[in-house]
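Asks: Quick one: structure below, then a few questions.
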Amino acid sequence: MSDLIFARAQMGFSLAFHIIFAVAGIALPLMMVIAEALWLKTGDETYKTITKRWARGTAVLFAVGAVSGTVLSFELGLLWPAFMKWSGSIIGLPFALEGYAFFTEAIFLGIYLYGWDKVSRSMHLMSGCIVALSGALSAVFVVTANAWMNAPTGFTLVGNLPTEIDPIKAMCSPAAFPQVLHMLIAAYAAIGLLAAGVHAFILLRDRQNEFHRRAFGICLALGCTMAILEPLSGDILAQMVAKTQPVKLAALEGQFDTMRGAPLRIGGLPDVTKAETPYSIEIPKLLSFLAHHDFNAEIQGLKDFPRENWPPVLWVHLNFQLMVLCGSIMGLVSMCAAAIYLKTRKLPDNPLFLKAVVAISPLGLVAIESGWMVTELGRQPWVVTGILRTRDAVTPMPGLALPFFMFLLVYLILAVVVVILLIREFSRSADLHVGTASAQASKDSDHA
């Protein structure tokens, strides 16, 4: 049992570390391309400077993400050999496609970084678009594989072995589109608002800094738009969970009894021994509506399922509540930003709003981390829902505590290095005003 705990802890920590760089690899290249497109359209050298700063940040995050992603691929085989043996022929295709997307991203990122004076402007912009698209496709393929684990399809089970395997059908599982959509929007919202928070922090000290004003506008536009759209993708995802993983839905809401017109719970601490969720605020019939778009729809309770098939209800519920709380705050601030812009037709930059953006800037990453905790913990005790249990998929190799602490140390060192490099990049750009942006852009070109 201790080996299972360490295997799950190592995999969980590796995923939690890697996902930060994965979402940055989705969103930051898009922001970079938007800045370059604005430079080509307006001729404003400030946008070129922003592009080059974000391109260097993309390179740093891509390098570390490549390392942590490679570690994850080894861990799948070393820690979960039974899972890979059982499912490799089914979900091997999306992992292979993710590899192609990764190498495409690496090739065109190299062209983008070193091709400023070597390729035409349109070709340079196109290479950036390919980087942004490849980063998004990498996420699509990986999330597709995870979605299959939540709603397995594309095979016929004979005994305990999969036969008549259809990899394309497996990639198109019922969970694929909802999870992919929710993940991509979350990535753009999280990184957009995180970067907006950094630029807002500097604008609070230097309101006339044109570099950070322009960068803040791009980040805010992307982050706020996606934060407002995120609840819509969450609604689609909730309906999928209700159909394919009703026990997970029951755990999310601390719903122990099957009932029609089930309430939505805000807060609360599910107690599995008493089969109740005290300290929660209940909104009548709203869970039934959100899950099935019917206020009187039936929601299955945890008591309908064998106790050994329950996920860790308390942790699933708390992480879900944390995710929703963070997303709600981000959406509220984003709607305020939209209202201010529609009223004034100017960038929302009053000190109170800038402080609010700084305050909420980390919430996107918190929501993503807690959301993946919900996804993975909510599937337990299964690694493949209803088919392969987690305890049966773990490696029989003993002594997993040592590699767990070694990888933990390596990840912490990498995190410190990345933070130092990114802080250095932002500190170098803090004094770029209208009069110096053009000169700085020329200097950047000389060093590119």
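Chain labels A, B, ... are given in the sequence in which chains occur in the structure tokens; within each chain residues are numbered consecutively from 1, and ligands are likewise numbered from 1 in the order shown.
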With only C-alpha atoms as the counted atoms, please give the residues lying no more than 9 Å from segment 29-33 of chain A, apart from itself and same-chain residues fewer than 5 positions off, as a list in words.
Replies: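 So, after excluding close chain neighbours, the residues are Ala24, Leu38, Ile50, Thr51, Lys52, Arg53, Trp54, Ala55, Thr58, Leu125, Met126, Gly128, Cys129, Val131, Ala132, Leu133, Gly135, Tyr188, Gly192, Ile218, Cys219 and Leu222 of chain A.
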Asks: Could you write out that same residue set with C-alpha atoms as a short mmCIF file (atom, residue, chain, number, x, y, z; two decimals), in the first residue's frame?
Replies:
```
data_model
loop_
_atom_site.label_atom_id
_atom_site.label_comp_id
_atom_site.auth_asym_id
_atom_site.auth_seq_id
_atom_site.Cartn_x
_atom_site.Cartn_y
_atom_site.Cartn_z
CA ALA A 24 1.88 28.44 -20.52
CA LEU A 38 -0.35 44.28 -33.87
CA ILE A 50 6.56 42.90 -26.26
CA THR A 51 6.72 40.09 -28.80
CA LYS A 52 10.42 39.49 -28.23
CA ARG A 53 10.06 39.54 -24.45
CA TRP A 54 7.23 37.02 -24.57
CA ALA A 55 9.13 34.89 -27.09
CA THR A 58 8.07 31.08 -24.15
CA LEU A 125 4.37 35.48 -38.17
CA MET A 126 3.25 32.17 -39.70
CA GLY A 128 4.59 31.88 -34.57
CA CYS A 129 1.07 30.79 -35.49
CA VAL A 131 3.98 27.37 -32.51
CA ALA A 132 0.70 28.51 -30.95
CA LEU A 133 -1.31 25.88 -32.83
CA GLY A 135 1.07 23.98 -28.31
CA TYR A 188 -5.93 30.93 -22.00
CA GLY A 192 -3.80 35.70 -19.75
CA ILE A 218 -3.37 42.14 -24.74
CA CYS A 219 -3.29 39.92 -21.66
CA LEU A 222 -7.45 37.32 -23.82
#
```
Asks: Let's see if you can do this: from backbone DSSP, list all strand (DSSP E) residues in segment 166-401 of chain A, as a tab-separated table (two decimals) with C-alpha atoms, in the first residue's frame.
Replies:
```
chain	number	residue	atom	x	y	z
A	259	MET	CA	-33.32	12.39	-5.49
A	260	ARG	CA	-35.14	14.46	-8.05
A	264	LEU	CA	-26.53	22.69	-5.71
A	265	ARG	CA	-24.29	22.96	-2.65
A	266	ILE	CA	-21.96	25.86	-1.97
A	267	GLY	CA	-19.33	24.94	0.60
A	280	SER	CA	-23.31	23.92	3.00
A	281	ILE	CA	-25.60	26.48	1.37
A	282	GLU	CA	-28.14	24.64	-0.77
A	283	ILE	CA	-29.78	26.16	-3.84
A	298	GLU	CA	-32.91	12.59	-10.95
A	299	ILE	CA	-29.40	12.73	-9.53
A	382	TRP	CA	-10.18	3.36	-11.13
A	383	VAL	CA	-7.32	4.24	-13.46
A	384	VAL	CA	-9.65	3.28	-16.34
A	388	LEU	CA	-8.89	-1.30	-14.30
A	389	ARG	CA	-8.35	-0.36	-10.67
```
Asks: In terms of the shortest atom-to-atom distance over only C-alpha atoms, which of A:Cys326, A:Ile413, A:Cys172, A:Ala275 is closest to Ala227 of chain A?
Replies: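 Closest residue, counting only C-alpha atoms: A:Cys326.
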Asks: Hey, which bits of segment 166-247 of chain A sit within 7 Å of segment 149-155 of chain A, and for each residue what's the closest pair of atoms and how far apart in Å (one decimal), counting only C-alpha atoms, rows by chain and increasing number, as a tab-separated table?
Replies:
```
residue	atom	partner	partner_atom	distance
A:Asp166	CA	A:Gly154	CA	4.8
A:Pro167	CA	A:Gly154	CA	6.2
A:Lys169	CA	A:Gly154	CA	4.8
A:Ala170	CA	A:Gly154	CA	4.2
A:Ser173	CA	A:Thr153	CA	5.8
A:Pro174	CA	A:Ala151	CA	6.4
A:Ala175	CA	A:Ala151	CA	6.0
A:Thr244	CA	A:Ala151	CA	6.3
```
Asks: Need to verify the contact set: Trp310 of chain A, 10 Å, only C-alpha atoms, exclusion of same-chain residues closer than 4 positions in sequence. Can you return it as a PyMOL selection string?
Replies: chain A and resi 247-248+250-251+272+302-303+305-306+378-382
Asks: Those residues you just picked out, can you put them in a file as an mmCIF file, in the first residue's frame with N, CA and C atoms?
Replies:
```
data_model
loop_
_atom_site.group_PDB
_atom_site.id
_atom_site.type_symbol
_atom_site.label_atom_id
_atom_site.label_comp_id
_atom_site.auth_asym_id
_atom_site.auth_seq_id
_atom_site.Cartn_x
_atom_site.Cartn_y
_atom_site.Cartn_z
ATOM 1 N N VAL A 247 -21.089 8.722 -10.200
ATOM 2 C CA VAL A 247 -20.531 8.649 -8.849
ATOM 3 C C VAL A 247 -19.603 9.837 -8.604
ATOM 4 N N LYS A 248 -18.898 10.291 -9.645
ATOM 5 C CA LYS A 248 -18.046 11.470 -9.504
ATOM 6 C C LYS A 248 -18.905 12.704 -9.262
ATOM 7 N N ALA A 250 -21.801 12.846 -7.857
ATOM 8 C CA ALA A 250 -22.314 12.777 -6.489
ATOM 9 C C ALA A 250 -21.253 13.209 -5.487
ATOM 10 N N ALA A 251 -19.994 12.810 -5.740
ATOM 11 C CA ALA A 251 -18.902 13.207 -4.847
ATOM 12 C C ALA A 251 -18.627 14.706 -4.955
ATOM 13 N N VAL A 272 -18.725 11.088 5.238
ATOM 14 C CA VAL A 272 -19.117 9.794 4.671
ATOM 15 C C VAL A 272 -19.663 8.859 5.740
ATOM 16 N N LEU A 302 -24.473 8.858 -3.759
ATOM 17 C CA LEU A 302 -23.374 7.931 -3.501
ATOM 18 C C LEU A 302 -23.859 6.594 -2.962
ATOM 19 N N LYS A 303 -24.976 6.602 -2.254
ATOM 20 C CA LYS A 303 -25.489 5.360 -1.680
ATOM 21 C C LYS A 303 -25.923 4.358 -2.747
ATOM 22 N N PHE A 305 -24.090 3.404 -5.120
ATOM 23 C CA PHE A 305 -22.893 2.742 -5.616
ATOM 24 C C PHE A 305 -22.192 2.002 -4.470
ATOM 25 N N PRO A 306 -21.508 0.890 -4.778
ATOM 26 C CA PRO A 306 -20.764 0.164 -3.730
ATOM 27 C C PRO A 306 -19.750 1.086 -3.050
ATOM 28 N N GLY A 378 -11.516 12.145 -8.628
ATOM 29 C CA GLY A 378 -12.907 11.764 -8.849
ATOM 30 C C GLY A 378 -13.066 10.459 -9.604
ATOM 31 N N ARG A 379 -12.016 10.029 -10.309
ATOM 32 C CA ARG A 379 -12.073 8.765 -11.037
ATOM 33 C C ARG A 379 -11.730 7.570 -10.143
ATOM 34 N N GLN A 380 -11.105 7.836 -9.031
ATOM 35 C CA GLN A 380 -10.679 6.749 -8.148
ATOM 36 C C GLN A 380 -11.896 5.957 -7.654
ATOM 37 N N PRO A 381 -11.732 4.654 -7.430
ATOM 38 C CA PRO A 381 -10.487 3.882 -7.367
ATOM 39 C C PRO A 381 -10.036 3.304 -8.700
ATOM 40 N N TRP A 382 -10.478 3.900 -9.807
ATOM 41 C CA TRP A 382 -10.177 3.362 -11.133
ATOM 42 C C TRP A 382 -9.113 4.198 -11.823
#
```
Asks: Just list as JSON, numbers by chain whatever in segment 277-439 of chain A DSSP marks as alpha helix (DSSP H).
Replies: {"A": [286, 287, 288, 289, 290, 291, 292, 313, 314, 315, 316, 317, 318, 319, 320, 321, 322, 323, 324, 325, 326, 327, 328, 329, 330, 331, 332, 333, 334, 335, 336, 337, 338, 339, 340, 341, 342, 343, 344, 351, 352, 353, 354, 355, 356, 357, 358, 359, 360, 363, 364, 365, 366, 367, 368, 369, 370, 371, 372, 373, 374, 375, 376, 377, 390, 391, 392, 393, 401, 402, 403, 404, 405, 406, 407, 408, 409, 410, 411, 412, 413, 414, 415, 416, 417, 418, 419, 420, 421, 422, 423, 424, 425, 426, 427, 428, 434, 435, 436, 437, 438, 439]}
